[in-house]
$ cat data-v1.txt   # compact mmCIF, C-alpha atoms
# COMPACT_ATOMS: atom_id res chain seq x y z
CA MET U 1 151.72 74.80 44.49
CA LEU U 2 154.50 77.08 45.63
CA ALA U 3 157.10 78.24 43.16
CA LEU U 4 160.56 79.54 43.97
CA GLN U 5 161.02 83.12 42.84
CA SER U 6 164.14 84.34 41.10
CA THR U 7 166.41 86.34 43.38
CA GLN U 8 168.11 89.64 42.87
CA ASP U 9 171.82 90.18 43.32
CA LEU U 10 172.91 89.84 46.93
CA VAL U 11 175.34 92.14 48.66
CA GLN U 12 178.54 90.10 48.69
CA LEU U 13 180.07 89.46 52.11
CA ASP U 14 183.80 88.83 52.37
CA TRP U 15 185.92 87.49 55.23
CA THR U 16 186.49 91.03 56.54
CA ASP U 17 182.74 91.28 57.12
CA MET U 18 182.83 87.91 58.86
CA ALA U 19 185.58 89.15 61.16
CA LEU U 20 183.60 92.28 61.97
CA VAL U 21 180.43 90.40 62.84
CA SER U 22 182.45 87.97 64.98
CA ALA U 23 183.12 90.92 67.29
CA CYS U 24 179.53 90.50 68.51
CA LEU U 25 180.69 87.40 70.35
CA LEU U 26 182.91 89.63 72.48
CA ILE U 27 179.76 90.78 74.29
CA ASN U 28 179.24 87.23 75.54
CA VAL U 29 182.89 86.86 76.48
CA ALA U 30 182.86 90.19 78.34
CA LEU U 31 179.78 89.20 80.33
CA SER U 32 181.37 85.87 81.17
CA PHE U 33 184.43 87.63 82.58
CA HIS U 34 182.42 90.32 84.39
CA TYR U 35 180.05 87.95 86.16
CA GLY U 36 182.52 85.09 86.55
CA LEU U 37 180.43 82.71 84.48
CA GLY U 38 183.47 80.71 83.45
CA ILE U 39 182.16 80.04 79.94
CA HIS U 40 184.36 82.39 77.92
CA LYS U 41 186.50 79.54 76.59
CA SER U 42 183.41 77.59 75.61
CA LEU U 43 182.04 80.67 73.85
CA VAL U 44 185.20 81.16 71.82
CA ILE U 45 185.30 77.47 70.90
CA ALA U 46 181.59 77.56 69.98
CA GLY U 47 182.22 80.60 67.77
CA LEU U 48 185.13 78.92 66.00
CA ARG U 49 183.07 75.76 65.53
CA THR U 50 180.22 77.83 64.07
CA ILE U 51 182.52 79.36 61.47
CA LEU U 52 184.23 76.06 60.66
CA GLN U 53 181.10 73.92 60.55
CA LEU U 54 179.01 76.33 58.49
CA THR U 55 181.86 76.98 56.06
CA LEU U 56 182.35 73.25 55.62
CA VAL U 57 178.61 72.75 55.10
CA GLY U 58 178.59 75.54 52.52
CA ILE U 59 181.41 73.90 50.57
CA ILE U 60 179.72 70.48 50.73
CA LEU U 61 176.30 71.81 49.72
CA ASP U 62 177.83 73.71 46.82
CA LYS U 63 179.27 70.43 45.51
CA ILE U 64 176.03 68.53 46.15
CA PHE U 65 173.94 71.12 44.32
CA GLN U 66 176.23 70.73 41.32
CA VAL U 67 176.03 66.93 41.34
CA ASP U 68 172.26 66.82 42.05
CA HIS U 69 172.05 63.01 42.39
CA PRO U 70 169.00 61.54 44.24
CA TRP U 71 170.91 58.79 46.06
CA LEU U 72 173.57 61.23 47.23
CA VAL U 73 170.89 63.57 48.58
CA LEU U 74 169.11 60.68 50.32
CA GLY U 75 172.39 59.48 51.83
CA ILE U 76 173.13 62.91 53.25
CA MET U 77 169.63 63.14 54.72
CA ILE U 78 170.11 59.76 56.43
CA VAL U 79 173.45 60.91 57.86
CA MET U 80 171.76 64.08 59.14
CA VAL U 81 169.08 61.99 60.88
CA ILE U 82 171.67 59.69 62.48
CA LEU U 83 173.71 62.63 63.74
CA ALA U 84 170.60 64.31 65.16
CA GLY U 85 169.51 61.11 66.91
CA SER U 86 173.01 60.55 68.27
CA THR U 87 173.00 64.07 69.68
CA ILE U 88 169.76 63.35 71.52
CA ALA U 89 171.06 60.06 72.88
CA ASN U 90 174.33 61.59 74.06
CA ARG U 91 172.59 64.49 75.78
CA ALA U 92 169.90 62.39 77.47
CA ARG U 93 169.72 62.90 81.22
CA HIS U 94 169.13 59.24 82.02
CA SER U 95 170.64 56.11 80.50
CA PHE U 96 168.68 53.03 79.46
CA PRO U 97 169.08 50.20 76.93
CA GLY U 98 168.20 51.15 73.37
CA ARG U 99 168.54 54.88 74.01
CA TRP U 100 170.26 55.50 70.66
CA LEU U 101 167.71 53.53 68.62
CA THR U 102 164.84 55.26 70.40
CA ALA U 103 166.29 58.69 69.68
CA VAL U 104 167.04 58.00 66.01
CA GLY U 105 163.71 56.31 65.38
CA SER U 106 161.72 59.05 67.08
CA ILE U 107 163.32 61.76 64.96
CA ALA U 108 163.61 59.86 61.66
CA PHE U 109 159.95 58.96 61.14
CA PRO U 110 158.45 62.46 61.52
CA ALA U 111 161.32 64.14 59.67
CA PHE U 112 161.07 61.98 56.54
CA LEU U 113 157.27 62.03 56.65
CA MET U 114 157.03 65.82 56.86
CA VAL U 115 159.76 66.39 54.26
CA SER U 116 157.98 64.04 51.86
CA TYR U 117 154.66 65.76 52.47
CA GLY U 118 156.18 69.20 52.03
CA VAL U 119 158.05 68.36 48.82
CA PHE U 120 155.65 65.97 47.07
CA ILE U 121 152.30 67.49 48.09
CA ILE U 122 152.90 71.18 48.76
CA ILE U 123 155.99 72.57 47.00
CA GLN U 124 156.12 70.07 44.11
CA PRO U 125 159.39 71.15 42.49
CA GLY U 126 160.13 70.08 38.93
CA ASN U 127 162.79 67.72 40.25
CA TRP U 128 161.54 65.94 43.37
CA ALA U 129 165.11 65.16 44.45
CA ASP U 130 166.26 68.78 44.16
CA PRO U 131 168.74 69.22 47.05
CA ARG U 132 167.84 72.92 47.29
CA TYR U 133 164.54 71.82 48.82
CA LEU U 134 165.21 68.49 50.48
CA ILE U 135 168.37 69.25 52.44
CA PRO U 136 167.36 72.67 53.87
CA LEU U 137 163.90 71.32 54.77
CA MET U 138 165.40 68.28 56.45
CA GLY U 139 167.86 70.47 58.35
CA MET U 140 165.14 72.77 59.69
CA LEU U 141 162.86 69.89 60.65
CA LEU U 142 165.65 67.99 62.38
CA GLY U 143 166.80 71.06 64.30
CA ASN U 144 163.36 71.56 65.82
CA SER U 145 162.49 67.88 66.16
CA LEU U 146 165.79 67.32 67.99
CA THR U 147 164.75 69.76 70.69
CA ALA U 148 161.24 68.29 70.94
CA VAL U 149 162.38 64.66 71.17
CA HIS U 150 165.15 65.52 73.62
CA LEU U 151 162.74 67.36 75.92
CA THR U 152 160.19 64.55 75.68
CA MET U 153 162.76 61.87 76.44
CA ASP U 154 164.20 63.73 79.41
CA ARG U 155 160.81 64.60 80.89
CA TYR U 156 159.44 61.06 80.51
CA THR U 157 162.49 59.26 81.93
CA GLN U 158 162.80 61.82 84.73
CA ALA U 159 159.20 61.17 85.71
CA LEU U 160 159.81 57.42 85.87
CA VAL U 161 162.96 57.85 87.95
CA GLU U 162 161.38 60.33 90.38
CA HIS U 163 158.06 58.51 90.70
CA ARG U 164 159.21 54.93 90.27
CA LYS U 165 157.53 53.74 93.46
CA GLN U 166 154.18 55.33 92.59
CA VAL U 167 154.26 53.85 89.08
CA GLU U 168 155.23 50.41 90.38
CA HIS U 169 152.45 50.63 92.95
CA LEU U 170 149.90 51.28 90.21
CA LEU U 171 151.33 48.40 88.17
CA ALA U 172 151.05 46.11 91.20
CA LEU U 173 147.38 47.04 91.50
CA GLY U 174 146.79 45.88 87.93
CA ALA U 175 147.28 49.04 85.92
CA SER U 176 148.92 48.76 82.50
CA PRO U 177 152.06 50.77 81.70
CA GLN U 178 149.90 53.07 79.61
CA GLU U 179 147.56 53.73 82.54
CA ALA U 180 150.37 54.01 85.12
CA THR U 181 152.30 56.53 83.05
CA GLN U 182 149.41 58.47 81.56
CA SER U 183 150.33 61.65 83.41
CA ALA U 184 154.04 61.32 82.57
CA THR U 185 153.25 60.69 78.90
CA ARG U 186 150.96 63.68 78.66
CA ASP U 187 153.43 65.95 80.42
CA ALA U 188 156.37 64.75 78.28
CA ILE U 189 154.53 65.28 74.98
CA ARG U 190 153.32 68.70 76.07
CA THR U 191 156.87 69.68 77.00
CA GLY U 192 158.20 68.56 73.62
CA MET U 193 155.56 70.56 71.75
CA THR U 194 155.93 73.76 73.79
CA PRO U 195 158.88 75.34 71.89
CA ILE U 196 157.17 75.24 68.48
CA LEU U 197 153.92 76.46 70.05
CA ASN U 198 155.74 79.45 71.50
CA ALA U 199 157.45 80.10 68.17
CA MET U 200 154.13 80.05 66.29
CA VAL U 201 152.53 82.48 68.73
CA ILE U 202 155.20 85.16 68.30
CA VAL U 203 156.22 84.65 64.65
CA GLY U 204 155.73 87.77 62.58
CA ILE U 205 155.02 89.88 65.66
CA VAL U 206 158.07 89.51 67.86
CA SER U 207 160.36 87.48 65.62
CA LEU U 208 161.05 87.21 61.89
CA PRO U 209 162.25 83.65 61.17
CA GLY U 210 165.65 83.15 59.61
CA MET U 211 164.39 81.47 56.44
CA MET U 212 161.94 84.26 55.65
CA THR U 213 164.51 86.95 56.43
CA GLY U 214 167.09 85.22 54.24
CA GLN U 215 164.67 84.96 51.32
CA ILE U 216 163.74 88.63 51.59
CA LEU U 217 167.40 89.63 51.72
CA GLY U 218 167.94 87.44 48.66
CA GLY U 219 165.29 89.35 46.71
CA THR U 220 162.23 87.12 47.11
CA PRO U 221 158.98 89.14 47.31
CA PRO U 222 157.92 89.38 50.99
CA LEU U 223 154.53 87.70 50.47
CA MET U 224 156.15 84.71 48.76
CA ALA U 225 158.73 84.50 51.56
CA VAL U 226 155.84 84.55 54.04
CA ARG U 227 154.11 81.67 52.25
CA TYR U 228 157.26 79.58 52.44
CA GLN U 229 157.63 80.41 56.12
CA ILE U 230 154.05 79.35 56.84
CA VAL U 231 154.75 76.05 55.11
CA ILE U 232 157.88 75.57 57.20
CA MET U 233 156.17 76.47 60.48
CA PHE U 234 153.34 74.01 59.94
CA LEU U 235 155.71 71.26 58.83
CA LEU U 236 157.74 71.93 61.98
CA ALA U 237 154.58 71.73 64.08
CA GLY U 238 153.71 68.35 62.58
CA ALA U 239 157.24 67.00 62.94
CA THR U 240 157.66 68.05 66.56
CA ALA U 241 154.24 66.73 67.56
CA LEU U 242 154.84 63.37 65.87
CA GLY U 243 158.39 63.16 67.24
CA SER U 244 157.23 63.84 70.78
CA ALA U 245 154.40 61.30 70.57
CA VAL U 246 156.52 58.59 68.94
CA CYS U 247 159.26 59.11 71.51
CA ALA U 248 156.88 58.84 74.48
CA ILE U 249 155.16 55.73 73.10
CA TRP U 250 158.49 54.10 72.20
CA LEU U 251 159.86 54.82 75.67
CA ARG U 252 156.82 53.29 77.32
CA ARG U 253 157.26 50.09 75.34
CA ARG U 254 161.01 49.93 75.85
CA LEU U 255 161.19 50.77 79.55
CA PHE U 256 158.63 48.17 80.67
CA ASP U 257 159.11 44.41 80.31
CA PRO U 258 156.31 41.95 79.37
CA ARG U 259 155.55 41.52 83.09
CA TYR U 260 154.88 45.25 83.45
CA ARG U 261 158.01 46.09 85.42
CA ILE U 262 160.15 49.17 84.95
CA ASP U 263 163.53 48.28 83.49
CA ALA U 264 166.01 48.27 86.37
CA ARG U 265 168.71 49.62 84.02
CA LEU U 266 166.95 52.98 83.78
CA LYS U 267 169.16 55.32 85.82
$ encode --input "data-v1.txt" --output "structure tokens"
Amino acid sequence: MLALQSTQDLVQLDWTDMALVSACLLINVALSFHYGLGIHKSLVIAGLRTILQLTLVGIILDKIFQVDHPWLVLGIMIVMVILAGSTIANRARHSFPGRWLTAVGSIAFPAFLMVSYGVFIIIQPGNWADPRYLIPLMGMLLGNSLTAVHLTMDRYTQALVEHRKQVEHLLALGASPQEATQSATRDAIRTGMTPILNAMVIVGIVSLPGMMTGQILGGTPPLMAVRYQIVIMFLLAGATALGSAVCAIWLRRRLFDPRYRIDARLK
């Protein structure tokens, strides 16, 4: 069982420090102007949103940590899942009926399953509803699962749109939707799992993950920070794999009618 180590005093950062680090964004703006990318306004807006959103989250989390009520924590986790699923649905390349429900369902199941496994089986904090564990874990899992499910959904629906005639031909010859879309399903799931696979290959060699770096800066012994990061990486691997698979299977069932025809509303 992992135990959270006490932290040493952090170097306090004030708003002057925040203003100084914001100057890094000027590199992006300068490149946008120099190469005519036309994204300088979007960069500035994204920077302002980053400051506003993270500050707001910090204020909210500070209040939540003080209240420490299980139902409040659960409610926030559900809202996080809904927002993540809505983001996937809104960014999907192709439209089809039930897109929102598919996105939310595909990301909710693996996220709650992996968070429960991580908290109840591995970390086992004294208070199972401790928001210091549940909310950050849920946030990290959703961030990675969002990418995986989004990639899986786009790759699967794109395959059906591009190869509709071939799939319908196989269906006409008696193939089931599972058989007709076997290649598309495999390719979509592989695409969804690729980002976490790449991250696991280079972690500790090329990159030092944010959670581990933050713990070390906060005074946690490096080996303990590494253990937590390993837990997170493997939970992320499980969540992204499950999310990708659930999404592909759900899409196959939703986009074909009982007569094995591709839904004409997929565009």
$ atom_distance --input "data-v1.txt" --atom1 "CA of Ile64 (chain U)" --atom2 "CA of Met114 (chain U)"
22.0 Å
$ closest_atom_pairs --input "data-v1.txt" --of "region 189-228 of chain U" --to "region 247-254 of chain U" --cutoff "12 Å" --atoms "all atoms listed in the file" --output "tab-separated table"
residue	atom	partner	partner_atom	distance
U:Ile189	CA	U:Ala248	CA	6.9
U:Arg190	CA	U:Ala248	CA	10.6
U:Thr191	CA	U:Ala248	CA	11.1
U:Gly192	CA	U:Cys247	CA	9.7
$ residues_around --input "data-v1.txt" --residues "region 67-76 of chain U" --least-positions-apart "3" --cutoff "9 Å" --atoms "only C-alpha atoms" --output "VMD selection string"
chain U and resid 62 to 64 79 to 81 128 to 131 134 to 135
$ closest_residue --input "data-v1.txt" --among "U:Thr213, U:Asn144, U:Asn127, U:Ser176" --to "Leu236 (chain U)" --atoms "all atoms listed in the file"
U:Asn144
$ atom_distance --input "data-v1.txt" --atom1 "CA of His169 (chain U)" --atom2 "CA of His94 (chain U)"
21.7 Å
$ closest_residue --input "data-v1.txt" --among "U:Tyr260, U:Leu25, U:Trp100, U:Pro209" --to "Thr50 (chain U)" --atoms "only C-alpha atoms"
U:Leu25
$ residues_near_point --input "data-v1.txt" --point "(161.4, 67.1, 64.9)" --cutoff "10 Å" --atoms "only C-alpha atoms" --output "JSON list (two decimals) with C-alpha atoms, keeping the file's coordinate frame"
[["chain", "number", "residue", "atom", "x", "y", "z"],
["U", 84, "ALA", "CA", 170.60, 64.31, 65.16],
["U", 106, "SER", "CA", 161.72, 59.05, 67.08],
["U", 107, "ILE", "CA", 163.32, 61.76, 64.96],
["U", 108, "ALA", "CA", 163.61, 59.86, 61.66],
["U", 109, "PHE", "CA", 159.95, 58.96, 61.14],
["U", 110, "PRO", "CA", 158.45, 62.46, 61.52],
["U", 111, "ALA", "CA", 161.32, 64.14, 59.67],
["U", 112, "PHE", "CA", 161.07, 61.98, 56.54],
["U", 114, "MET", "CA", 157.03, 65.82, 56.86],
["U", 138, "MET", "CA", 165.40, 68.28, 56.45],
["U", 139, "GLY", "CA", 167.86, 70.47, 58.35],
["U", 140, "MET", "CA", 165.14, 72.77, 59.69],
["U", 141, "LEU", "CA", 162.86, 69.89, 60.65],
["U", 142, "LEU", "CA", 165.65, 67.99, 62.38],
["U", 143, "GLY", "CA", 166.80, 71.06, 64.30],
["U", 144, "ASN", "CA", 163.36, 71.56, 65.82],
["U", 145, "SER", "CA", 162.49, 67.88, 66.16],
["U", 146, "LEU", "CA", 165.79, 67.32, 67.99],
["U", 147, "THR", "CA", 164.75, 69.76, 70.69],
["U", 148, "ALA", "CA", 161.24, 68.29, 70.94],
["U", 149, "VAL", "CA", 162.38, 64.66, 71.17],
["U", 150, "HIS", "CA", 165.15, 65.52, 73.62],
["U", 192, "GLY", "CA", 158.20, 68.56, 73.62],
["U", 193, "MET", "CA", 155.56, 70.56, 71.75],
["U", 196, "ILE", "CA", 157.17, 75.24, 68.48],
["U", 235, "LEU", "CA", 155.71, 71.26, 58.83],
["U", 236, "LEU", "CA", 157.74, 71.93, 61.98],
["U", 237, "ALA", "CA", 154.58, 71.73, 64.08],
["U", 238, "GLY", "CA", 153.71, 68.35, 62.58],
["U", 239, "ALA", "CA", 157.24, 67.00, 62.94],
["U", 240, "THR", "CA", 157.66, 68.05, 66.56],
["U", 241, "ALA", "CA", 154.24, 66.73, 67.56],
["U", 242, "LEU", "CA", 154.84, 63.37, 65.87],
["U", 243, "GLY", "CA", 158.39, 63.16, 67.24],
["U", 244, "SER", "CA", 157.23, 63.84, 70.78]]
$ atom_distance --input "data-v1.txt" --atom1 "CA of Lys41 (chain U)" --atom2 "CA of Ile88 (chain U)"
23.8 Å
$ closest_residue --input "data-v1.txt" --among "U:Thr194, U:Tyr228, U:Phe256, U:Arg186" --to "Tyr133 (chain U)" --atoms "only C-alpha atoms"
U:Tyr228
$ closest_residue --input "data-v1.txt" --among "U:Val206, U:Leu48, U:Ala172, U:His40" --to "Ala19 (chain U)" --atoms "all atoms listed in the file"
U:Leu48
